[in-house]
file input.txt (compact mmCIF, C-alpha atoms)
# COMPACT_ATOMS: atom_id res chain seq x y z
CA MET A 191 -2.31 -18.85 -24.36
CA THR A 192 -1.85 -20.95 -27.49
CA PRO A 193 1.92 -21.57 -27.38
CA PRO A 194 3.64 -23.05 -30.41
CA SER A 195 2.61 -26.65 -31.00
CA SER A 196 6.18 -27.83 -30.46
CA VAL A 197 6.00 -26.74 -26.83
CA VAL A 198 2.70 -28.51 -26.11
CA GLU A 199 2.55 -32.28 -25.76
CA ASP A 200 0.05 -34.08 -27.99
CA ALA A 201 -1.76 -35.71 -25.08
CA ALA A 202 -2.61 -32.43 -23.35
CA PRO A 203 -6.11 -32.49 -21.80
CA PRO A 204 -8.74 -30.04 -23.02
CA ARG A 205 -8.14 -26.45 -21.94
CA ALA A 206 -10.40 -25.28 -19.11
CA SER A 207 -12.83 -22.55 -20.07
CA THR A 208 -12.42 -18.99 -18.80
CA ALA A 209 -15.51 -19.41 -16.63
CA ASP A 210 -14.16 -22.63 -15.12
CA LEU A 211 -10.83 -20.99 -14.28
CA VAL A 212 -12.50 -17.95 -12.73
CA GLU A 213 -14.57 -20.27 -10.58
CA ARG A 214 -11.50 -22.35 -9.66
CA TYR A 215 -9.63 -19.34 -8.28
CA ARG A 216 -12.61 -17.44 -6.88
CA ALA A 217 -12.10 -18.54 -3.28
CA VAL A 218 -8.40 -17.63 -3.38
CA PHE A 219 -9.18 -14.22 -4.84
CA ASP A 220 -11.90 -13.64 -2.24
CA GLU A 221 -9.48 -14.48 0.56
CA ILE A 222 -7.02 -11.95 -0.87
CA GLY A 223 -9.76 -9.34 -1.19
CA ALA A 224 -10.84 -9.77 2.42
CA GLY A 225 -7.65 -8.10 3.65
CA ALA A 226 -7.22 -5.51 0.89
CA VAL A 227 -8.53 -2.50 2.83
CA ALA A 228 -6.41 -3.29 5.89
CA ARG A 229 -3.31 -3.71 3.72
CA GLU A 230 -4.04 -0.37 2.10
CA ARG A 231 -4.44 1.45 5.42
CA GLU A 232 -1.33 -0.13 6.93
CA ARG A 233 0.71 -0.35 3.71
CA ARG A 234 1.36 -3.98 4.50
CA LEU A 235 3.17 -5.69 1.65
CA PRO A 236 1.26 -8.76 0.37
CA PHE A 237 3.90 -11.45 0.89
CA ALA A 238 1.34 -13.86 2.35
CA GLU A 239 -1.08 -13.18 -0.51
CA VAL A 240 1.60 -13.86 -3.13
CA GLU A 241 2.36 -17.15 -1.40
CA LEU A 242 -1.34 -17.98 -1.46
CA LEU A 243 -1.43 -17.42 -5.22
CA ARG A 244 1.68 -19.55 -5.65
CA ALA A 245 0.29 -22.39 -3.52
CA SER A 246 -3.03 -22.32 -5.38
CA GLY A 247 -1.31 -22.81 -8.72
CA PHE A 248 -2.31 -19.41 -10.08
CA THR A 249 1.28 -18.41 -10.89
CA ARG A 250 1.37 -21.46 -13.21
CA VAL A 251 -2.04 -20.91 -14.80
CA THR A 252 -0.67 -20.16 -18.29
CA LEU A 253 1.87 -22.99 -18.35
CA PRO A 254 1.07 -25.96 -20.60
CA HIS A 255 -0.50 -28.91 -18.83
CA HIS A 256 2.64 -31.04 -19.07
CA LEU A 257 4.49 -28.39 -17.04
CA GLY A 258 1.86 -28.41 -14.33
CA GLY A 259 -0.22 -25.46 -15.55
CA ASP A 260 -3.81 -24.94 -16.62
CA GLY A 261 -2.94 -24.03 -20.21
CA ALA A 262 -4.94 -20.80 -19.86
CA ASP A 263 -5.19 -18.74 -23.04
CA HIS A 264 -5.00 -14.96 -23.19
CA ALA A 265 -8.74 -14.49 -22.74
CA ALA A 266 -8.69 -16.52 -19.54
CA LEU A 267 -5.52 -14.92 -18.17
CA PHE A 268 -6.69 -11.33 -18.55
CA GLU A 269 -10.12 -12.10 -17.14
CA LEU A 270 -8.42 -13.71 -14.15
CA LEU A 271 -6.14 -10.69 -13.71
CA ALA A 272 -9.16 -8.38 -13.84
CA GLU A 273 -10.94 -10.48 -11.22
CA LEU A 274 -7.82 -10.52 -9.03
CA ALA A 275 -7.58 -6.73 -9.40
CA ARG A 276 -11.23 -6.47 -8.42
CA ARG A 277 -10.02 -7.70 -5.02
CA ASP A 278 -6.59 -6.03 -5.01
CA PRO A 279 -4.99 -4.46 -8.11
CA ASN A 280 -1.55 -4.53 -6.47
CA LEU A 281 -1.45 -8.31 -6.93
CA SER A 282 -2.35 -8.16 -10.62
CA GLN A 283 0.29 -5.56 -11.40
CA LEU A 284 3.09 -7.18 -9.41
CA LEU A 285 2.66 -10.38 -11.47
CA ARG A 286 2.94 -8.46 -14.76
CA SER A 287 6.54 -9.44 -15.49
CA HIS A 288 5.92 -12.99 -14.30
CA PHE A 289 3.20 -13.71 -16.84
CA SER A 290 5.00 -11.69 -19.51
CA PHE A 291 8.08 -13.89 -19.05
CA ILE A 292 6.00 -17.02 -19.51
CA ASP A 293 4.31 -15.62 -22.60
CA ARG A 294 7.57 -14.48 -24.23
CA THR A 295 9.18 -17.81 -23.52
CA LEU A 296 6.30 -19.84 -24.92
CA HIS A 297 6.21 -17.79 -28.10
CA GLY A 298 9.82 -16.74 -28.56
CA ALA A 299 12.18 -19.51 -27.45
CA ASP A 300 12.93 -22.82 -29.14
CA PRO A 301 11.12 -25.76 -27.50
CA ALA A 302 14.11 -27.11 -25.57
CA THR A 303 15.04 -23.66 -24.23
CA ALA A 304 11.42 -22.90 -23.38
CA ARG A 305 11.09 -26.11 -21.36
CA ALA A 306 14.30 -25.40 -19.46
CA ARG A 307 13.36 -21.81 -18.61
CA LEU A 308 9.77 -22.61 -17.72
CA ALA A 309 10.87 -25.47 -15.45
CA ARG A 310 11.65 -22.83 -12.81
CA VAL A 311 8.09 -21.52 -13.01
CA ALA A 312 6.73 -25.06 -12.95
CA ASN A 313 8.64 -25.54 -9.68
CA GLY A 314 6.99 -22.43 -8.24
CA ALA A 315 9.40 -19.62 -9.13
CA ILE A 316 7.96 -16.12 -9.56
CA HIS A 317 9.61 -13.70 -11.96
CA GLY A 318 10.11 -10.00 -11.25
CA ASN A 319 11.26 -7.03 -13.28
CA ALA A 320 14.30 -4.75 -13.25
CA THR A 321 14.16 -2.82 -16.50
CA PHE A 322 13.97 0.92 -16.00
CA GLU A 323 16.41 3.31 -14.39
CA ARG A 324 16.41 6.78 -12.94
CA GLY A 325 19.26 8.83 -14.31
CA PRO A 326 20.87 10.03 -17.52
CA ALA A 327 20.55 6.89 -19.67
CA GLY A 328 19.02 7.64 -23.07
CA VAL A 329 15.81 6.13 -24.45
CA GLY A 330 16.43 2.44 -25.13
CA SER A 331 19.83 2.35 -23.40
CA TYR A 332 20.80 1.26 -19.89
CA ALA A 333 23.50 2.30 -17.45
CA THR A 334 23.35 -1.17 -15.87
CA THR A 335 26.21 -3.19 -17.36
CA LEU A 336 27.13 -6.81 -17.95
CA SER A 337 30.91 -7.24 -18.01
CA ARG A 338 33.53 -9.96 -17.71
CA ASP A 339 36.36 -10.22 -15.21
CA GLU A 340 38.67 -13.01 -14.12
CA ARG A 341 35.76 -14.79 -12.40
CA GLY A 342 33.34 -14.61 -15.32
CA LEU A 343 30.29 -12.47 -16.07
CA ARG A 344 29.18 -9.84 -13.54
CA LEU A 345 26.21 -7.49 -13.40
CA ASP A 346 26.41 -3.97 -11.97
CA GLY A 347 23.80 -1.25 -11.83
CA ARG A 348 20.77 0.23 -10.15
CA LYS A 349 17.15 -0.11 -11.27
CA PHE A 350 13.93 1.53 -10.19
CA TYR A 351 10.26 0.65 -10.92
CA SER A 352 11.21 -2.97 -10.14
CA THR A 353 7.58 -4.06 -9.97
CA GLY A 354 7.10 -7.42 -8.29
CA THR A 355 10.77 -8.00 -7.52
CA LEU A 356 10.32 -7.81 -3.74
CA PHE A 357 8.16 -10.93 -4.02
CA ALA A 358 10.07 -12.71 -6.79
CA ASP A 359 12.54 -15.59 -6.90
CA VAL A 360 14.06 -14.58 -10.24
CA VAL A 361 14.38 -11.13 -11.77
CA GLY A 362 14.86 -10.24 -15.43
CA VAL A 363 17.36 -7.37 -15.78
CA LEU A 364 17.97 -5.31 -18.91
CA ALA A 365 21.66 -4.46 -19.19
CA THR A 366 24.20 -3.19 -21.68
CA PRO A 367 27.03 -5.67 -22.37
CA ASP A 368 30.50 -4.14 -22.53
CA PRO A 369 33.09 -5.27 -25.10
CA SER A 370 34.70 -7.69 -22.63
CA THR A 371 31.67 -9.99 -22.88
CA GLY A 372 31.82 -10.51 -26.63
CA LEU A 373 28.03 -10.24 -26.70
CA GLY A 374 27.78 -7.19 -28.96
CA ALA A 375 26.42 -3.78 -28.11
CA ASP A 376 22.66 -4.42 -27.99
CA PRO A 377 20.97 -4.64 -24.58
CA VAL A 378 20.44 -8.12 -23.18
CA SER A 379 18.09 -9.54 -20.59
CA VAL A 380 19.78 -11.29 -17.69
CA LEU A 381 18.00 -13.70 -15.35
CA VAL A 382 19.23 -13.42 -11.76
CA ALA A 383 18.08 -15.20 -8.61
CA THR A 384 16.89 -12.61 -6.11
CA ASP A 385 18.90 -14.25 -3.32
CA ALA A 386 22.15 -13.90 -5.29
CA ALA A 387 25.13 -12.31 -3.56
CA GLY A 388 25.37 -8.63 -4.44
CA LEU A 389 21.65 -8.19 -5.17
CA THR A 390 19.75 -5.83 -2.87
CA ARG A 391 16.02 -5.11 -3.00
CA VAL A 392 14.82 -1.86 -1.45
CA ASP A 393 11.20 -1.09 -0.57
CA ASP A 394 11.32 2.62 -1.51
CA TRP A 395 8.39 2.99 -3.90
CA ASP A 396 6.71 6.21 -2.72
CA GLY A 397 3.85 6.62 -5.20
CA PHE A 398 0.45 7.44 -3.73
CA GLY A 399 -1.18 4.55 -5.63
CA GLN A 400 -0.42 0.87 -6.17
CA ARG A 401 1.63 1.16 -3.00
CA MET A 402 2.14 -2.57 -2.42
CA THR A 403 3.55 -3.66 -5.78
CA GLY A 404 7.19 -3.64 -4.67
CA SER A 405 8.03 -1.14 -7.41
CA GLY A 406 11.17 0.23 -5.79
CA THR A 407 14.93 -0.03 -6.22
CA THR A 408 17.00 -3.10 -7.07
CA ILE A 409 20.79 -2.84 -6.79
CA PHE A 410 23.29 -5.15 -8.52
CA ASP A 411 26.84 -5.01 -7.19
CA GLY A 412 29.07 -7.56 -8.88
CA VAL A 413 26.26 -10.12 -9.18
CA ARG A 414 27.57 -13.30 -10.82
CA VAL A 415 25.79 -14.37 -14.01
CA GLU A 416 25.84 -17.64 -15.96
CA ILE A 417 25.96 -17.34 -19.74
CA ASP A 418 22.87 -19.56 -20.05
CA ASP A 419 20.93 -16.89 -18.17
CA VAL A 420 21.78 -14.15 -20.68
CA LEU A 421 18.92 -13.75 -23.16
CA ALA A 422 19.18 -11.78 -26.39
CA ARG A 423 16.37 -9.28 -26.86
CA PRO A 424 14.25 -10.20 -29.89
CA ALA A 425 14.55 -7.88 -32.89
CA ALA A 426 10.77 -7.90 -33.38
CA PRO A 427 8.75 -7.80 -30.15
CA GLY A 428 5.62 -9.24 -31.79
CA HIS A 429 2.70 -8.99 -29.38
CA ALA A 430 4.88 -8.60 -26.26
CA GLY A 431 4.35 -4.85 -25.99
CA ALA A 432 0.59 -5.21 -26.15
CA PHE A 433 0.72 -7.98 -23.55
CA VAL A 434 2.40 -5.91 -20.84
CA GLN A 435 0.10 -2.94 -21.50
CA LEU A 436 -2.96 -5.18 -21.24
CA VAL A 437 -1.92 -6.37 -17.78
CA LEU A 438 -2.25 -2.76 -16.62
CA LEU A 439 -5.58 -2.39 -18.42
CA ALA A 440 -6.85 -5.59 -16.81
CA ALA A 441 -5.92 -4.16 -13.41
CA LEU A 442 -7.76 -0.93 -14.24
CA THR A 443 -10.79 -2.87 -15.43
CA GLY A 444 -10.80 -4.78 -12.15
CA ILE A 445 -10.78 -1.48 -10.26
CA GLY A 446 -13.85 -0.43 -12.26
CA ARG A 447 -15.62 -3.59 -11.13
CA ALA A 448 -14.56 -2.99 -7.53
CA VAL A 449 -16.02 0.53 -7.65
CA VAL A 450 -19.41 -0.91 -8.61
CA ASP A 451 -19.13 -3.54 -5.86
CA ASP A 452 -18.30 -0.94 -3.22
CA ALA A 453 -20.96 1.49 -4.41
CA ALA A 454 -23.68 -1.17 -4.25
CA ARG A 455 -22.52 -2.38 -0.84
CA TYR A 456 -22.33 1.15 0.56
CA VAL A 457 -25.81 2.08 -0.67
CA ARG A 458 -27.33 -1.20 0.42
CA GLU A 459 -26.07 -0.80 3.99
CA ARG A 460 -26.60 2.94 4.40
CA THR A 461 -29.59 4.12 6.50
CA ARG A 462 -28.84 7.86 6.74
CA SER A 463 -30.37 10.09 4.12
CA PHE A 464 -30.88 13.83 3.48
CA SER A 465 -33.79 16.15 4.12
CA HIS A 466 -33.98 16.86 0.39
CA ALA A 467 -33.53 13.25 -0.75
CA SER A 468 -36.06 11.46 -2.95
CA ALA A 469 -36.55 8.51 -0.59
CA ASP A 470 -36.17 7.57 3.07
CA LEU A 471 -33.42 5.06 2.33
CA PRO A 472 -30.59 5.65 -0.15
CA ARG A 473 -31.16 2.21 -1.70
CA HIS A 474 -34.65 3.34 -2.73
CA ASP A 475 -33.61 6.80 -3.91
CA PRO A 476 -33.88 6.97 -7.74
CA LEU A 477 -31.06 9.48 -7.97
CA VAL A 478 -28.72 7.20 -6.04
CA GLN A 479 -29.86 4.25 -8.15
CA GLU A 480 -29.07 6.29 -11.25
CA VAL A 481 -25.51 6.92 -10.07
CA VAL A 482 -24.96 3.22 -9.43
CA GLY A 483 -26.45 2.39 -12.81
CA ASP A 484 -24.03 4.78 -14.51
CA LEU A 485 -21.10 3.24 -12.64
CA SER A 486 -22.19 -0.23 -13.71
CA ALA A 487 -22.53 0.79 -17.36
CA ALA A 488 -19.11 2.44 -17.33
CA SER A 489 -17.53 -0.71 -15.90
CA PHE A 490 -19.29 -2.67 -18.65
CA ALA A 491 -17.65 -0.40 -21.25
CA ALA A 492 -14.21 -1.01 -19.73
CA ASP A 493 -14.87 -4.76 -19.78
CA ALA A 494 -15.83 -4.59 -23.44
CA ALA A 495 -12.75 -2.57 -24.43
CA LEU A 496 -10.48 -4.99 -22.59
CA GLY A 497 -12.15 -7.96 -24.27
CA ARG A 498 -11.71 -6.51 -27.77
CA ALA A 499 -8.03 -5.79 -27.17
CA VAL A 500 -7.36 -9.23 -25.67
CA ALA A 501 -9.02 -10.87 -28.67
CA ALA A 502 -6.66 -8.95 -30.97
CA LEU A 503 -3.72 -10.07 -28.82
CA GLN A 504 -4.86 -13.68 -29.05
CA ARG A 505 -5.03 -13.48 -32.84
CA ALA A 506 -1.55 -11.93 -33.02
CA ALA A 507 -0.10 -14.64 -30.77
CA GLU A 508 -1.68 -17.41 -32.81
CA ALA A 509 -0.32 -15.90 -36.03
CA GLN A 510 3.23 -16.18 -34.66
CA HIS A 511 4.47 -13.04 -36.41
CA PRO A 512 4.52 -9.31 -35.59
CA ASP A 513 1.09 -7.77 -36.06
CA SER A 514 0.27 -4.14 -35.25
CA THR A 515 -3.43 -4.98 -34.83
CA ALA A 516 -2.89 -5.93 -31.19
CA ASP A 517 -0.91 -2.75 -30.50
CA LEU A 518 -3.60 -0.60 -32.12
CA ALA A 519 -6.41 -2.31 -30.22
CA THR A 520 -4.49 -2.02 -26.94
CA ALA A 521 -3.86 1.70 -27.45
CA GLN A 522 -7.53 2.24 -28.29
CA ALA A 523 -8.57 0.27 -25.22
CA GLN A 524 -6.30 2.42 -23.08
CA LEU A 525 -8.06 5.53 -24.36
CA VAL A 526 -11.40 4.04 -23.28
CA ILE A 527 -10.49 2.32 -20.02
CA ILE A 528 -8.32 4.99 -18.38
CA PRO A 529 -10.80 7.90 -18.45
CA THR A 530 -13.71 5.58 -17.73
CA VAL A 531 -12.21 4.06 -14.58
CA LEU A 532 -10.84 7.38 -13.30
CA ARG A 533 -14.32 8.88 -13.72
CA VAL A 534 -16.15 6.11 -11.90
CA ALA A 535 -13.59 6.17 -9.09
CA THR A 536 -14.57 9.81 -8.54
CA GLU A 537 -18.32 9.49 -9.14
CA LEU A 538 -18.44 6.67 -6.58
CA PHE A 539 -18.64 9.37 -3.90
CA GLU A 540 -21.92 10.67 -5.36
CA VAL A 541 -23.75 7.76 -3.71
CA GLY A 542 -23.27 9.03 -0.16
CA GLY A 543 -22.29 11.79 2.18
CA ALA A 544 -19.25 12.47 4.30
CA THR A 545 -19.25 8.97 5.78
CA ALA A 546 -17.97 7.69 2.42
CA LEU A 547 -14.74 9.56 3.18
CA GLY A 548 -13.94 7.41 6.19
CA GLU A 549 -10.47 5.90 6.22
CA SER A 550 -11.98 2.61 7.39
CA LEU A 551 -13.59 2.25 3.94
CA ALA A 552 -10.51 3.41 1.99
CA LEU A 553 -12.69 4.18 -1.02
CA ASP A 554 -10.10 6.71 -2.16
CA ARG A 555 -7.77 3.79 -2.97
CA HIS A 556 -9.68 3.14 -6.18
CA TRP A 557 -8.83 6.53 -7.70
CA ARG A 558 -5.26 6.52 -6.39
CA ASN A 559 -4.59 3.03 -7.72
CA ALA A 560 -6.24 3.83 -11.05
CA ARG A 561 -4.24 7.03 -11.39
CA ALA A 562 -0.97 5.19 -10.69
CA LEU A 563 -1.75 2.53 -13.29
CA SER A 564 -2.85 5.17 -15.80
CA SER A 565 0.44 7.04 -15.50
CA HIS A 566 2.35 4.26 -17.28
CA ASN A 567 2.97 5.37 -20.86
CA PRO A 568 0.79 8.52 -20.83
CA ALA A 569 -2.43 8.17 -22.81
CA ARG A 570 -1.94 11.45 -24.70
CA TYR A 571 0.95 9.88 -26.59
CA LYS A 572 -1.24 6.91 -27.43
CA ALA A 573 -4.05 9.14 -28.67
CA ARG A 574 -1.72 10.98 -31.02
CA ILE A 575 -0.24 7.75 -32.35
CA VAL A 576 -3.68 6.26 -32.97
CA GLY A 577 -4.78 9.45 -34.72
CA ASP A 578 -1.65 9.49 -36.88
CA HIS A 579 -2.31 5.88 -37.84
CA VAL A 580 -5.96 6.51 -38.70
CA VAL A 581 -5.23 9.61 -40.76
CA ASN A 582 -1.83 8.80 -42.28
CA SER A 583 -1.50 5.00 -41.97
CA THR A 584 1.62 5.53 -39.85
CA PRO A 585 2.68 2.24 -38.20
CA ILE A 586 1.74 1.83 -34.56
CA VAL A 587 4.62 1.89 -32.10
CA ALA A 588 4.93 -1.65 -30.74
CA TRP A 589 7.36 -1.24 -27.83
CA TRP A 590 7.40 1.45 -25.14
CA THR A 591 10.36 2.55 -23.10
CA SER A 592 11.70 5.70 -21.47
CA GLY A 593 14.87 7.65 -20.83
CA GLU A 594 16.52 10.92 -21.73
CA ALA A 595 16.31 12.15 -25.31

call {"tool": "encode", "arguments": {"input": "input.txt", "output": "structure tokens"}}
result
Amino acid sequence: MTPPSSVVEDAAPPRASTADLVERYRAVFDEIGAGAVARERERRLPFAEVELLRASGFTRVTLPHHLGGDGADHAALFELLAELARRDPNLSQLLRSHFSFIDRTLHGADPATARARLARVANGAIHGNATFERGPAGVGSYATTLSRDERGLRLDGRKFYSTGTLFADVVGVLATPDPSTGLGADPVSVLVATDAAGLTRVDDWDGFGQRMTGSGTTIFDGVRVEIDDVLARPAAPGHAGAFVQLVLLAALTGIGRAVVDDAARYVRERTRSFSHASADLPRHDPLVQEVVGDLSAASFAADAALGRAVAALQRAAEAQHPDSTADLATAQAQLVIIPTVLRVATELFEVGGATALGESLALDRHWRNARALSSHNPARYKARIVGDHVVNSTPIVAWWTSGEA
């Protein structure tokens, strides 16, 4: 991930290659994938699978070696997230804020602060998210408040879309400080232990896709906060906006790979054919082979778009200053990956008949999960912004949020 040199010890061993890291975590990912269909049918939250990732060291993969990590760079991380999503995209998305926290800390905090904050992750902590709210708060503002009373700082509010927080040990909360804090008027990020008194996590995410990401409500009722856990939001987000978008695109790319896997497996095992088919077995039918070939090529295109955007992100991170190149590349990748994966998740069903609709296969999960991921920051806005940039050299928006106008 190429953190600032001041955060990395001189004697760090050579960084493992992307291929080596994929191979290292392959067995863990395969074990997670083995239960993905059952979890989907039963809507069983992946607590055990998160613990497996923690125990394997995957949640520390981007930490520097001296903090117990693998020192994975961006290319390795996003390939790993795509491969994890190939087995279960819920797991990739629910770790979005976790890896974003590590990345922001490595690139945005002074060395001493970075070491202190990342020590929690080195000890196994997983970070969750409590940013967005349902309600009347305007774009870029938050009804959740940080205030001061006779006992010190307290946090009060209600968040939704708290992706990953059900499984997390620490949650980052965006809040508005009131005048009693002396912290100014700009929103701050507050780190809170998820077992803190007054914090309640509710499993009420009711979307039809990505159903096991823990993206429901988190309530803060007089939660006590230490001043050291109040983080100022950076004035310039640098590559942070591109990073969080690319986690979603990596998950989508993994779904594209899973579609090809399931299509090939389904065709290979199928013995029933049609009276008007071109071969006795679907695996020998040139029309079926053509469908699978198209699915494979489309997945290849998604892989390529993700790789180009991640390379731009890597360059922006290494430059250590805001660079719109990563945001442009990420928006362009979104406009390639979203329609591509949604299309293949539909065309998957062209390889077989009504048996492909069986709930035991849960092949519909690919489209539902892809649609849920694609609904973050609608692509039509990205297309317009890219077009405006190409035609008029208008700067690319680097940070995305929501609220009432």

call {"tool": "residues_around", "arguments": {"input": "input.txt", "residues": "Thr408 (chain A)", "least_positions_apart": "5", "cutoff": "8 Å", "atoms": "all atoms listed in the file", "output": "JSON, numbers by chain"}}
result
{"A": [320, 348, 349, 350, 352, 355, 389, 390, 391, 392]}

call {"tool": "residues_around", "arguments": {"input": "input.txt", "residues": "region 465-481 of chain A", "least_positions_apart": "3", "cutoff": "9 Å", "atoms": "all atoms listed in the file", "output": "ChimeraX atom specification"}}
result
/A:454,457-462,484-486,537-538,540-542

call {"tool": "residues_near_point", "arguments": {"input": "input.txt", "point": "(-17.7, 8.6, 1.1)", "cutoff": "12 Å", "atoms": "only C-alpha atoms", "output": "list of chain:residue names"}}
result
A:Asp452, A:Ala453, A:Tyr456, A:Val457, A:Arg460, A:Ala535, A:Thr536, A:Glu537, A:Leu538, A:Phe539, A:Glu540, A:Val541, A:Gly542, A:Gly543, A:Ala544, A:Thr545, A:Ala546, A:Leu547, A:Gly548, A:Glu549, A:Ser550, A:Leu551, A:Ala552, A:Leu553, A:Asp554, A:Arg555

call {"tool": "atom_distance", "arguments": {"input": "input.txt", "atom1": "CA of Ala228 (chain A)", "atom2": "CA of Glu213 (chain A)"}}
result
25.0 Å

call {"tool": "residues_around", "arguments": {"input": "input.txt", "residues": "Pro367 (chain A)", "least_positions_apart": "2", "cutoff": "8 Å", "atoms": "only C-alpha atoms", "output": "tab-separated table (two decimals) with C-alpha atoms, keeping the file's coordinate frame"}}
result
chain	number	residue	atom	x	y	z
A	335	THR	CA	26.21	-3.19	-17.36
A	336	LEU	CA	27.13	-6.81	-17.95
A	337	SER	CA	30.91	-7.24	-18.01
A	365	ALA	CA	21.66	-4.46	-19.19
A	369	PRO	CA	33.09	-5.27	-25.10
A	370	SER	CA	34.70	-7.69	-22.63
A	371	THR	CA	31.67	-9.99	-22.88
A	373	LEU	CA	28.03	-10.24	-26.70
A	374	GLY	CA	27.78	-7.19	-28.96
A	375	ALA	CA	26.42	-3.78	-28.11
A	376	ASP	CA	22.66	-4.42	-27.99
A	377	PRO	CA	20.97	-4.64	-24.58
A	378	VAL	CA	20.44	-8.12	-23.18

call {"tool": "closest_residue", "arguments": {"input": "input.txt", "among": "A:Tyr571, A:Phe237, A:Phe248, A:Phe410", "to": "Arg216 (chain A)", "atoms": "all atoms listed in the file"}}
result
A:Phe248

call {"tool": "closest_residue", "arguments": {"input": "input.txt", "among": "A:Val449, A:Ala302, A:Ala430, A:Ala422", "to": "Arg533 (chain A)", "atoms": "all atoms listed in the file"}}
result
A:Val449

call {"tool": "atom_distance", "arguments": {"input": "input.txt", "atom1": "CA of Gly483 (chain A)", "atom2": "CA of Leu496 (chain A)"}}
result
20.1 Å

call {"tool": "residues_around", "arguments": {"input": "input.txt", "residues": "Leu563 (chain A)", "least_positions_apart": "2", "cutoff": "8 Å", "atoms": "all atoms listed in the file", "output": "MDAnalysis selection string"}}
result
chainID A and resid 399:400 438 441:442 559:561 565:566

call {"tool": "atom_distance", "arguments": {"input": "input.txt", "atom1": "CA of Leu281 (chain A)", "atom2": "CA of Ala304 (chain A)"}}
result
25.5 Å

call {"tool": "closest_residue", "arguments": {"input": "input.txt", "among": "A:Ser282, A:Ser331, A:Ser489, A:Thr515", "to": "Ile528 (chain A)", "atoms": "only C-alpha atoms"}}
result
A:Ser489

call {"tool": "closest_residue", "arguments": {"input": "input.txt", "among": "A:Arg558, A:Arg401, A:Arg234, A:Lys572", "to": "Gln283 (chain A)", "atoms": "all atoms listed in the file"}}
result
A:Arg401

call {"tool": "closest_residue", "arguments": {"input": "input.txt", "among": "A:Ile316, A:Val420, A:Leu257, A:Ala217", "to": "Thr384 (chain A)", "atoms": "only C-alpha atoms"}}
result
A:Ile316

call {"tool": "residues_around", "arguments": {"input": "input.txt", "residues": "Gly577 (chain A)", "least_positions_apart": "5", "cutoff": "12 Å", "atoms": "all atoms listed in the file", "output": "PyMOL selection string"}}
result
chain A and resi 518+521-522+525+570-572+582-586

call {"tool": "write_last_selection", "arguments": {"input": "input.txt", "atoms": "C-alpha atoms", "output": "mmCIF file, in the frame of the given file"}}
result
data_model
loop_
_atom_site.group_PDB
_atom_site.id
_atom_site.type_symbol
_atom_site.label_atom_id
_atom_site.label_comp_id
_atom_site.auth_asym_id
_atom_site.auth_seq_id
_atom_site.Cartn_x
_atom_site.Cartn_y
_atom_site.Cartn_z
ATOM 1 C CA LEU A 518 -3.600 -0.600 -32.120
ATOM 2 C CA ALA A 521 -3.860 1.700 -27.450
ATOM 3 C CA GLN A 522 -7.530 2.240 -28.290
ATOM 4 C CA LEU A 525 -8.060 5.530 -24.360
ATOM 5 C CA ARG A 570 -1.940 11.450 -24.700
ATOM 6 C CA TYR A 571 0.950 9.880 -26.590
ATOM 7 C CA LYS A 572 -1.240 6.910 -27.430
ATOM 8 C CA ASN A 582 -1.830 8.800 -42.280
ATOM 9 C CA SER A 583 -1.500 5.000 -41.970
ATOM 10 C CA THR A 584 1.620 5.530 -39.850
ATOM 11 C CA PRO A 585 2.680 2.240 -38.200
ATOM 12 C CA ILE A 586 1.740 1.830 -34.560
#

call {"tool": "closest_residue", "arguments": {"input": "input.txt", "among": "A:Arg498, A:Arg307, A:Arg505, A:Arg447", "to": "Pro279 (chain A)", "atoms": "all atoms listed in the file"}}
result
A:Arg447

call {"tool": "residues_near_point", "arguments": {"input": "input.txt", "point": "(25.6, -10.2, -5.2)", "cutoff": "12 Å", "atoms": "only C-alpha atoms", "output": "NGL selection string"}}
result
:A and (344-347 or 382-391 or 408-415)

call {"tool": "decode", "arguments": {"input": "input.txt", "residues": "region 533-538 of chain A", "atoms": "N, CA, C and O atoms", "output": "compact mmCIF listing (two decimals), in the first residue's frame"}}
result
# COMPACT_ATOMS: atom_id res chain seq x y z
N ARG A 533 -25.00 -7.22 -16.65
CA ARG A 533 -25.37 -7.96 -17.86
C ARG A 533 -25.02 -9.43 -17.74
O ARG A 533 -25.85 -10.30 -18.05
N VAL A 534 -23.82 -9.74 -17.27
CA VAL A 534 -23.45 -11.15 -17.21
C VAL A 534 -24.26 -11.88 -16.15
O VAL A 534 -24.54 -13.08 -16.29
N ALA A 535 -24.66 -11.16 -15.09
CA ALA A 535 -25.48 -11.80 -14.06
C ALA A 535 -26.86 -12.17 -14.59
O ALA A 535 -27.51 -13.07 -14.05
N THR A 536 -27.31 -11.50 -15.64
CA THR A 536 -28.56 -11.85 -16.31
C THR A 536 -28.34 -12.92 -17.38
O THR A 536 -29.08 -13.91 -17.47
N GLU A 537 -27.31 -12.73 -18.20
CA GLU A 537 -27.05 -13.66 -19.30
C GLU A 537 -26.59 -15.03 -18.82
O GLU A 537 -26.63 -16.00 -19.59
N LEU A 538 -26.19 -15.13 -17.57
CA LEU A 538 -25.87 -16.43 -16.98
C LEU A 538 -26.98 -17.43 -17.22
O LEU A 538 -26.73 -18.62 -17.49
